[in-house]
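What's in entry13.cif: mmCIF, C-alpha atoms and all ligand atoms
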```
data_target
loop_
_atom_site.group_PDB
_atom_site.id
_atom_site.type_symbol
_atom_site.label_atom_id
_atom_site.label_comp_id
_atom_site.auth_asym_id
_atom_site.auth_seq_id
_atom_site.Cartn_x
_atom_site.Cartn_y
_atom_site.Cartn_z
ATOM 1 C CA MET A 15 0.000 0.000 0.000
ATOM 2 C CA ASN A 16 1.370 3.362 -1.015
ATOM 3 C CA VAL A 17 0.859 6.040 1.649
ATOM 4 C CA PRO A 18 1.975 9.517 0.568
ATOM 5 C CA LEU A 19 4.653 11.208 2.665
ATOM 6 C CA TYR A 20 2.363 13.973 3.984
ATOM 7 C CA GLU A 21 -0.214 11.374 5.029
ATOM 8 C CA LYS A 22 2.500 9.541 6.993
ATOM 9 C CA ILE A 23 3.632 12.754 8.684
ATOM 10 C CA TRP A 24 0.072 13.521 9.847
ATOM 11 C CA MET A 25 -0.473 9.950 11.045
ATOM 12 C CA TRP A 26 2.706 9.984 13.119
ATOM 13 C CA ALA A 27 1.913 13.462 14.431
ATOM 14 C CA ALA A 28 -1.569 12.353 15.548
ATOM 15 C CA GLY A 29 -0.148 9.220 17.185
ATOM 16 C CA GLY A 30 2.526 11.288 18.892
ATOM 17 C CA MET A 31 -0.084 13.670 20.301
ATOM 18 C CA ILE A 32 -2.064 10.775 21.795
ATOM 19 C CA VAL A 33 1.088 9.452 23.485
ATOM 20 C CA ALA A 34 1.928 12.980 24.737
ATOM 21 C CA PHE A 35 -1.550 13.445 26.225
ATOM 22 C CA ILE A 36 -1.407 10.083 28.026
ATOM 23 C CA LEU A 37 2.038 10.953 29.421
ATOM 24 C CA MET A 38 0.666 14.320 30.626
ATOM 25 C CA VAL A 39 -2.110 12.551 32.554
ATOM 26 C CA PHE A 40 0.424 10.316 34.309
ATOM 27 C CA ALA A 41 2.786 13.237 34.950
ATOM 28 C CA GLY A 42 -0.116 15.211 36.431
ATOM 29 C CA VAL A 43 -1.006 12.401 38.799
ATOM 30 C CA ALA A 44 2.612 11.782 39.781
ATOM 31 C CA PHE A 45 3.868 15.338 40.230
ATOM 32 C CA SER A 46 0.853 17.541 41.106
ATOM 33 C CA ALA A 47 0.350 16.283 44.663
ATOM 34 C CA LEU A 48 -2.991 14.743 43.690
ATOM 35 C CA GLU A 49 -3.961 12.047 46.120
ATOM 36 C CA PRO A 50 -6.917 9.695 46.162
ATOM 37 C CA PRO A 51 -8.890 9.561 49.410
ATOM 38 C CA SER A 52 -6.902 7.587 51.951
ATOM 39 C CA HIS A 53 -9.498 7.838 54.655
ATOM 40 C CA VAL A 54 -13.068 6.545 54.878
ATOM 41 C CA GLU A 55 -14.948 7.390 58.044
ATOM 42 C CA THR A 56 -18.723 7.524 58.361
ATOM 43 C CA ILE A 57 -21.061 9.598 60.528
ATOM 44 C CA ASP A 58 -24.833 9.788 60.966
ATOM 45 C CA PRO A 59 -25.720 13.046 59.146
ATOM 46 C CA ALA A 60 -28.693 13.608 61.467
ATOM 47 C CA GLN A 61 -26.381 13.493 64.512
ATOM 48 C CA VAL A 62 -23.621 15.793 63.226
ATOM 49 C CA TRP A 63 -24.274 18.529 65.813
ATOM 50 C CA THR A 64 -24.228 16.110 68.742
ATOM 51 C CA ASP A 65 -21.493 13.755 67.508
ATOM 52 C CA ALA A 66 -18.436 14.043 69.777
ATOM 53 C CA ARG A 67 -16.109 14.246 66.768
ATOM 54 C CA PHE A 68 -17.763 17.501 65.642
ATOM 55 C CA ALA A 69 -18.824 18.916 69.010
ATOM 56 C CA ASN A 70 -15.790 21.234 69.245
ATOM 57 C CA ARG A 71 -15.719 22.913 65.858
ATOM 58 C CA GLY A 72 -12.733 25.125 65.178
ATOM 59 C CA VAL A 73 -8.976 24.823 65.244
ATOM 60 C CA THR A 74 -6.832 22.809 67.640
ATOM 61 C CA GLN A 75 -3.183 23.865 67.455
ATOM 62 C CA SER A 76 -0.258 21.707 68.466
ATOM 63 C CA PRO A 77 3.523 22.206 68.149
ATOM 64 C CA THR A 78 3.524 20.057 65.020
ATOM 65 C CA GLY A 79 0.537 21.597 63.224
ATOM 66 C CA ALA A 80 -3.193 22.083 63.533
ATOM 67 C CA THR A 81 -6.480 20.244 63.134
ATOM 68 C CA VAL A 82 -9.594 21.966 61.791
ATOM 69 C CA ILE A 83 -13.038 20.588 62.612
ATOM 70 C CA ALA A 84 -15.781 22.126 60.451
ATOM 71 C CA VAL A 85 -19.323 21.400 59.313
ATOM 72 C CA ALA A 86 -20.761 22.389 55.931
ATOM 73 C CA MET A 87 -24.470 23.115 55.748
ATOM 74 C CA MET A 88 -26.954 25.002 53.609
ATOM 75 C CA PHE A 89 -25.599 27.718 53.187
ATOM 76 C CA ALA A 90 -22.585 28.253 55.418
ATOM 77 C CA PHE A 91 -19.529 26.700 56.956
ATOM 78 C CA ASN A 92 -19.250 26.406 60.719
ATOM 79 C CA PRO A 93 -16.940 27.969 61.786
ATOM 80 C CA ALA A 94 -17.021 30.769 59.205
ATOM 81 C CA GLU A 95 -13.496 31.957 60.028
ATOM 82 C CA ILE A 96 -10.581 29.573 60.449
ATOM 83 C CA HIS A 97 -7.109 30.556 61.690
ATOM 84 C CA VAL A 98 -4.212 28.187 60.949
ATOM 85 C CA PRO A 99 -0.408 28.509 61.141
ATOM 86 C CA ALA A 100 1.748 28.857 58.024
ATOM 87 C CA GLY A 101 4.394 26.283 57.217
ATOM 88 C CA LYS A 102 2.936 23.488 59.344
ATOM 89 C CA PRO A 103 0.686 20.605 58.326
ATOM 90 C CA VAL A 104 -3.004 21.381 58.816
ATOM 91 C CA THR A 105 -5.491 18.517 58.887
ATOM 92 C CA PHE A 106 -9.061 19.356 57.903
ATOM 93 C CA ARG A 107 -11.911 17.148 59.114
ATOM 94 C CA LEU A 108 -15.194 18.038 57.451
ATOM 95 C CA THR A 109 -18.698 16.697 57.245
ATOM 96 C CA SER A 110 -22.084 17.855 55.996
ATOM 97 C CA ALA A 111 -25.216 18.364 58.049
ATOM 98 C CA ASP A 112 -27.537 18.144 55.020
ATOM 99 C CA VAL A 113 -26.578 17.774 51.343
ATOM 100 C CA THR A 114 -23.353 17.364 49.377
ATOM 101 C CA HIS A 115 -21.154 20.460 49.523
ATOM 102 C CA GLY A 116 -17.709 21.393 48.295
ATOM 103 C CA PHE A 117 -14.795 22.775 50.286
ATOM 104 C CA GLN A 118 -12.281 24.570 48.122
ATOM 105 C CA ILE A 119 -9.597 26.910 49.438
ATOM 106 C CA VAL A 120 -9.113 29.237 46.503
ATOM 107 C CA GLY A 121 -5.525 29.568 45.318
ATOM 108 C CA THR A 122 -4.321 26.376 47.008
ATOM 109 C CA ASN A 123 -4.494 22.667 46.190
ATOM 110 C CA ALA A 124 -7.028 22.100 49.011
ATOM 111 C CA ASN A 125 -10.328 20.978 47.531
ATOM 112 C CA THR A 126 -12.673 18.194 48.601
ATOM 113 C CA MET A 127 -16.291 17.164 48.433
ATOM 114 C CA VAL A 128 -18.180 17.114 51.730
ATOM 115 C CA ILE A 129 -20.725 14.315 51.563
ATOM 116 C CA PRO A 130 -23.424 13.694 54.178
ATOM 117 C CA GLY A 131 -22.689 10.482 56.039
ATOM 118 C CA TYR A 132 -18.928 10.742 55.552
ATOM 119 C CA ILE A 133 -16.028 12.590 57.108
ATOM 120 C CA SER A 134 -13.747 14.172 54.533
ATOM 121 C CA GLN A 135 -10.201 14.476 55.786
ATOM 122 C CA PHE A 136 -7.076 15.862 54.176
ATOM 123 C CA THR A 137 -3.820 17.403 55.308
ATOM 124 C CA THR A 138 -2.055 20.281 53.607
ATOM 125 C CA THR A 139 0.534 22.925 54.420
ATOM 126 C CA PHE A 140 0.093 26.611 53.631
ATOM 127 C CA SER A 141 3.428 28.249 52.900
ATOM 128 C CA THR A 142 2.137 31.788 52.329
ATOM 129 C CA PRO A 143 0.436 33.680 55.181
ATOM 130 C CA GLY A 144 -2.646 35.635 54.217
ATOM 131 C CA GLU A 145 -6.390 35.553 53.876
ATOM 132 C CA TYR A 146 -7.885 32.848 51.679
ATOM 133 C CA LEU A 147 -11.437 32.386 50.453
ATOM 134 C CA ILE A 148 -13.133 29.058 51.114
ATOM 135 C CA VAL A 149 -16.010 28.358 48.725
ATOM 136 C CA CYS A 150 -18.562 25.636 48.245
ATOM 137 C CA ASN A 151 -18.049 24.370 44.702
ATOM 138 C CA GLU A 152 -20.864 21.801 44.611
ATOM 139 C CA TYR A 153 -24.248 23.320 43.825
ATOM 140 C CA CYS A 154 -26.236 22.749 47.032
ATOM 141 C CA GLY A 155 -29.368 24.870 46.675
ATOM 142 C CA LEU A 156 -30.694 28.390 46.210
ATOM 143 C CA GLY A 157 -28.166 29.990 48.584
ATOM 144 C CA HIS A 158 -25.154 28.140 47.175
ATOM 145 C CA HIS A 159 -23.523 31.317 45.818
ATOM 146 C CA GLN A 160 -23.519 32.819 49.331
ATOM 147 C CA MET A 161 -21.785 29.823 50.889
ATOM 148 C CA TYR A 162 -18.238 30.773 51.796
ATOM 149 C CA ALA A 163 -15.833 31.032 54.712
ATOM 150 C CA THR A 164 -12.495 32.678 55.395
ATOM 151 C CA LEU A 165 -9.181 30.971 56.072
ATOM 152 C CA ILE A 166 -6.521 33.097 57.727
ATOM 153 C CA VAL A 167 -3.023 31.647 57.507
ATOM 154 C CA GLU A 168 -0.922 33.249 60.214
ATOM 155 C CA GLU A 169 2.836 33.606 60.345
ATOM 156 C CA ALA A 170 4.120 30.786 62.548
ATOM 157 C CA SER A 171 5.311 32.201 65.861
ATOM 158 C CA SER A 172 8.110 29.679 66.484
HETATM 159 CU CU CU B 201 -22.899 24.897 47.961
#
```

Now, as a test, write the supplied structure out as structure tokens.
Ligand SMILES: [Cu+2]
Amino acid sequence: MNVPLYEKIWMWAAGGMIVAFILMVFAGVAFSALEPPSHVETIDPAQVWTDARFANRGVTQSPTGATVIAVAMMFAFNPAEIHVPAGKPVTFRLTSADVTHGFQIVGTNANTMVIPGYISQFTTTFSTPGEYLIVCNEYCGLGHHQMYATLIVEEASS
């Protein structure tokens, strides 16, 4: 079969692009700090406000970092303002009191779904002090666009 030169060039170029795209997907997974959920913990969504794990919402600081306990609900986060230290690992533990919400800290790689019945947990470190916007990025109802909170990353004192 006689394939003209230009046809061959386009075929190899198309094949090369497919290989490049597949390599980009693997590179993205390997080098972009993307992690699959490593933690599955359930909770009765009707008992969120009385469950001991979410009774003390807010930030617990320790010398090695901080833990944030927060609840997402229509149409707010509780607490609405979160203070964490810069440069130390911060573990977020989140759950929903009603429907599925999102928890995205704009400008960082922190982003998770908050699903009723489950506790979403992730750990991240904020290197740059400042004020960050936390938004719900899963449409959750008529007030979804008003659902936000503030994260304040403070210069570590030590
Ligand atoms: Cu929402």

Query raised in the report: Could you spell out the hits of the PyMOL selection byres (((chain A and resi 115) around 6) and not hetatm) on the shown file, as a PyMOL selection string?
Result: chain A and resi 114+116+127-128+150+152

Quick one: which chain A residues come within 10 Å of ligand CU 201 (chain B), and what is the nearest atom pair for each with the distance in Å to one decimal, counting all atoms listed in the file, rows ordered by chain and ascending number, as CSV?
```
residue,atom,partner,partner_atom,distance
A:Ala86,CA,B:CU201,CU,8.6
A:Met87,CA,B:CU201,CU,8.1
A:Met88,CA,B:CU201,CU,7.0
A:Phe89,CA,B:CU201,CU,6.5
A:Ala90,CA,B:CU201,CU,8.2
A:Phe91,CA,B:CU201,CU,9.8
A:Val113,CA,B:CU201,CU,8.7
A:Thr114,CA,B:CU201,CU,7.7
A:His115,CA,B:CU201,CU,5.0
A:Gly116,CA,B:CU201,CU,6.3
A:Phe117,CA,B:CU201,CU,8.7
A:Val128,CA,B:CU201,CU,9.9
A:Val149,CA,B:CU201,CU,7.7
A:Cys150,CA,B:CU201,CU,4.4
A:Asn151,CA,B:CU201,CU,5.9
A:Glu152,CA,B:CU201,CU,5.0
A:Tyr153,CA,B:CU201,CU,4.6
A:Cys154,CA,B:CU201,CU,4.1
A:Gly155,CA,B:CU201,CU,6.6
A:Leu156,CA,B:CU201,CU,8.7
A:Gly157,CA,B:CU201,CU,7.4
A:His158,CA,B:CU201,CU,4.0
A:His159,CA,B:CU201,CU,6.8
A:Gln160,CA,B:CU201,CU,8.1
A:Met161,CA,B:CU201,CU,5.8
A:Tyr162,CA,B:CU201,CU,8.4
```

Report summary line: CA of His53 in chain A to CA of Ile83 in chain A measures 15.4 Å

Report task. List, as an NGL selection string, every residue that the PyMOL selection byres (((chain A and resi 109) around 8) and not hetatm) selects in the file provided. Result -> :A and (62 or 84-86 or 107-108 or 110-111 or 128-134)

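Nearest to Phe136 in chain A of all the residues A:Ala163, A:Glu95, A:Arg67, A:Val54 is A:Val54, based on all atoms listed in the file.
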
Query raised in the report: What would the list of residues within 8 Å of (-1.5, 33.9, 54.8) (file frame) look like as a ChimeraX atom specification, if all atoms listed in the file are what count?
Result: /A:100,140-146,166-169

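CA of Gln118 in chain A sits 26.8 Å away from CA of Phe35 in chain A.
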
Requested in this report: Run the PyMOL selection byres (((chain A and resi 137) around 9) and not hetatm) on the file and write out the hits as a ChimeraX atom specification.
Outcome: /A:81,103-107,124,135-136,138-139

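The interatomic distance for the pair CA of Ala69 in chain A and CA of Thr56 in chain A works out to 15.6 Å.
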
Can you tell me, as AutoDock Vina command-line options, the centre and edge lengths (Å, one decimal) of the axis-aligned box enclosing all of range 94-109 of chain A's listed atoms after padding each side by 4 Å?
```
--center_x -7.2 --center_y 24.3 --center_z 59.5 --size_x 31.1 --size_y 23.3 --size_z 12.5
```

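Closest approach to Gly121 in chain A among A:Ala28, A:Leu147, A:Ala34, A:Ala80 is made by A:Leu147 (distances from only C-alpha atoms).
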
Using the atoms already present, construct N, CA and C atoms for range 64-79 of chain A and hand them back as a JSON list (two decimals), in the coordinates of the input.
```json
[["chain", "number", "residue", "atom", "x", "y", "z"],
["A", 64, "THR", "N", -24.42, 16.69, 67.42],
["A", 64, "THR", "CA", -24.23, 16.11, 68.74],
["A", 64, "THR", "C", -23.10, 15.07, 68.76],
["A", 65, "ASP", "N", -22.58, 14.73, 67.58],
["A", 65, "ASP", "CA", -21.49, 13.76, 67.51],
["A", 65, "ASP", "C", -20.24, 14.34, 68.17],
["A", 66, "ALA", "N", -19.60, 13.55, 69.02],
["A", 66, "ALA", "CA", -18.44, 14.04, 69.78],
["A", 66, "ALA", "C", -17.31, 14.51, 68.86],
["A", 67, "ARG", "N", -17.20, 13.88, 67.67],
["A", 67, "ARG", "CA", -16.11, 14.25, 66.77],
["A", 67, "ARG", "C", -16.27, 15.65, 66.19],
["A", 68, "PHE", "N", -17.52, 16.16, 66.19],
["A", 68, "PHE", "CA", -17.76, 17.50, 65.64],
["A", 68, "PHE", "C", -18.35, 18.46, 66.68],
["A", 69, "ALA", "N", -18.27, 18.06, 67.96],
["A", 69, "ALA", "CA", -18.82, 18.92, 69.01],
["A", 69, "ALA", "C", -17.99, 20.19, 69.18],
["A", 70, "ASN", "N", -16.67, 20.07, 69.06],
["A", 70, "ASN", "CA", -15.79, 21.23, 69.24],
["A", 70, "ASN", "C", -15.27, 21.68, 67.88],
["A", 71, "ARG", "N", -16.12, 22.45, 67.18],
["A", 71, "ARG", "CA", -15.72, 22.91, 65.86],
["A", 71, "ARG", "C", -14.74, 24.07, 66.01],
["A", 72, "GLY", "N", -13.75, 24.08, 65.11],
["A", 72, "GLY", "CA", -12.73, 25.12, 65.18],
["A", 72, "GLY", "C", -11.36, 24.51, 65.00],
["A", 73, "VAL", "N", -10.36, 25.22, 65.49],
["A", 73, "VAL", "CA", -8.98, 24.82, 65.24],
["A", 73, "VAL", "C", -8.32, 24.39, 66.55],
["A", 74, "THR", "N", -7.66, 23.25, 66.52],
["A", 74, "THR", "CA", -6.83, 22.81, 67.64],
["A", 74, "THR", "C", -5.38, 22.88, 67.18],
["A", 75, "GLN", "N", -4.59, 23.72, 67.85],
["A", 75, "GLN", "CA", -3.18, 23.86, 67.46],
["A", 75, "GLN", "C", -2.31, 22.98, 68.32],
["A", 76, "SER", "N", -1.25, 22.46, 67.72],
["A", 76, "SER", "CA", -0.26, 21.71, 68.47],
["A", 76, "SER", "C", 1.11, 22.14, 67.95],
["A", 77, "PRO", "N", 2.20, 21.78, 68.63],
["A", 77, "PRO", "CA", 3.52, 22.21, 68.15],
["A", 77, "PRO", "C", 3.82, 21.72, 66.73],
["A", 78, "THR", "N", 3.20, 20.61, 66.34],
["A", 78, "THR", "CA", 3.52, 20.06, 65.02],
["A", 78, "THR", "C", 2.54, 20.46, 63.93],
["A", 79, "GLY", "N", 1.50, 21.21, 64.25],
["A", 79, "GLY", "CA", 0.54, 21.60, 63.22],
["A", 79, "GLY", "C", -0.80, 21.96, 63.82]]
```
